[in-house]
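Colleague: Quick one: the structure is below, and I'll ask about it shortly.
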Amino acid sequence: QVQLVESGGGLMQAGGSLRLSCAASRRTISSYAMEWFRQAPGKEREFVAAISWNGGNTYYADSVKGRFSISRDNAKNTVYLQMNSLKPEDTAVYYCATKSSRYSGISYRTSEIDYWGQGTQVTVSS
């Protein structure tokens, strides 16, 4: 069973940048798609970005396309989310996520995710 630990969140002014990290343990990430979701206060958890198991494809929510970038470093067993041009509406708890099946596709639905990190808070002030 994989353990996911996010870091890198914090308070940032609009227009700024943050890089989130997700360190995995107890299992290699190299054969698994990796994803980021977020949940704002009073809202449902939503898909943000994903990277395929082989790193060849990335996927983004329309709201972050062109501003956020997901990447993976299999040697470090870590996934990153580079967030640029931050907006107040990006304020949320950001969660790293993955599934239990190797070589599977990505998921846009929280119901299809098997493992979650504890989350890291990102707050963007105007």
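Chains: A, B, ... in order of the structure tokens. Residues: from 1 per chain. Ligands: from 1, in order shown.
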Which residues come within 7 Å of range 63-71 of chain A, counting only C-alpha atoms, excluding same-chain residues fewer than 4 positions away, as a PDB file with C-alpha atoms, in the first residue's frame?
Modeller:
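Written file, result_12.pdb:
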ATOM      1  CA  ALA A  49      -3.785  17.442 -13.239  1.00  0.00           C
ATOM      2  CA  ALA A  50      -2.479  13.977 -14.023  1.00  0.00           C
ATOM      3  CA  ILE A  51       0.518  12.323 -15.604  1.00  0.00           C
ATOM      4  CA  VAL A  79       5.535  13.909  -8.361  1.00  0.00           C
ATOM      5  CA  TYR A  80       5.449  17.675  -8.710  1.00  0.00           C
ATOM      6  CA  LEU A  81       2.855  20.313  -9.489  1.00  0.00           C
ATOM      7  CA  GLN A  82       4.306  23.616 -10.642  1.00  0.00           C
ATOM      8  CA  MET A  83       1.699  26.329 -10.216  1.00  0.00           C
ATOM      9  CA  ASN A  84       2.261  29.677 -11.932  1.00  0.00           C
ATOM     10  CA  SER A  85       0.117  32.790 -12.285  1.00  0.00           C
TER      11      SER A  85
END
Colleague: Neighbours of Cys96 in chain A within 9 Å (only C-alpha atoms; same-chain residues fewer than 6 positions away dropped), as number ranges by chain?
Modeller: A: 4-6, 21-22, 34-38, 79, 115-119
Colleague: Grab the residues selected above and save them as a PDB file, in the first residue's frame with C-alpha atoms.
Modeller:
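Result saved to result10.pdb:
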ATOM      1  CA  LEU A   4       1.676   9.780  -0.299  1.00  0.00           C
ATOM      2  CA  VAL A   5       2.937  12.894   1.453  1.00  0.00           C
ATOM      3  CA  GLU A   6       2.410  16.341  -0.041  1.00  0.00           C
ATOM      4  CA  SER A  21       5.727  17.907  -4.157  1.00  0.00           C
ATOM      5  CA  CYS A  22       4.258  14.482  -3.504  1.00  0.00           C
ATOM      6  CA  MET A  34      -0.161  10.037 -10.665  1.00  0.00           C
ATOM      7  CA  GLU A  35      -2.662  12.806 -10.119  1.00  0.00           C
ATOM      8  CA  TRP A  36      -3.449  16.011  -8.271  1.00  0.00           C
ATOM      9  CA  PHE A  37      -6.891  17.014  -7.030  1.00  0.00           C
ATOM     10  CA  ARG A  38      -7.994  19.977  -4.951  1.00  0.00           C
ATOM     11  CA  VAL A  79       5.535  13.909  -8.361  1.00  0.00           C
ATOM     12  CA  TYR A 115      -4.894   6.280  -2.477  1.00  0.00           C
ATOM     13  CA  TRP A 116      -4.794   9.860  -1.245  1.00  0.00           C
ATOM     14  CA  GLY A 117      -2.244  11.990   0.528  1.00  0.00           C
ATOM     15  CA  GLN A 118      -3.170  14.085   3.543  1.00  0.00           C
ATOM     16  CA  GLY A 119      -3.244  17.282   1.494  1.00  0.00           C
TER      17      GLY A 119
END
Colleague: Record the distance separating CA of Glu46 in chain A and CA of Ser126 in chain A, expressed in Å with one decimal.
Modeller: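 Calculated distance between CA of Glu46 in chain A and CA of Ser126 in chain A is 22.1 Å.
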Colleague: Can you pull out every residue from chain A that DSSP, working from the backbone, puts in strand (DSSP E), and format the result as number ranges by chain?
Modeller: A: 3-7, 10-13, 18-25, 34-39, 46-51, 58-60, 68-73, 78-83, 92-98, 115-116, 120-125
Colleague: Return the single residue from A:Ser100, A:Thr91, A:Gln121, A:Ser107 that is closest to Ala61 in chain A, with distances computed using only C-alpha atoms.
Modeller: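 Of all the options, A:Ser107 lies closest to Ala61 in chain A.
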Colleague: How many Å lie between CA of Gln1 in chain A and CA of Ala92 in chain A, rounded to one decimal?
Modeller: 26.2 Å
Colleague: Go ahead and compute the interatomic distance for CA of Arg26 in chain A and CA of Tyr94 in chain A, in Å to one decimal.
Modeller: 21.3 Å
Colleague: What are the DSSP helix (DSSP H, G or I) residues of chain A, as a list in words?
Modeller: Pro88, Glu89, Asp90, Thr110, Ser111 and Glu112 of chain A
Colleague: Considering only C-alpha atoms, can you say which of A:Val2, A:Val48, A:Ala23, A:Met12 comes closest to Leu86 in chain A?
Modeller: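 Selected residue with least distance to Leu86 in chain A: A:Met12.
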Colleague: Using only C-alpha atoms, pick whichever of A:Ser104, A:Ile113, A:Thr98, A:Asp90 has the shortest atom-to-atom distance to Gly16 in chain A.
Modeller: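 So, comparing all the options, the nearest one is A:Asp90.
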Colleague: Calculated over only C-alpha atoms, which of the candidates A:Gly9, A:Ser52, A:Glu44, A:Ser125 has the smallest distance to Lys87 in chain A?
Modeller: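 Result for the nearest residue to Lys87 in chain A: A:Ser125.
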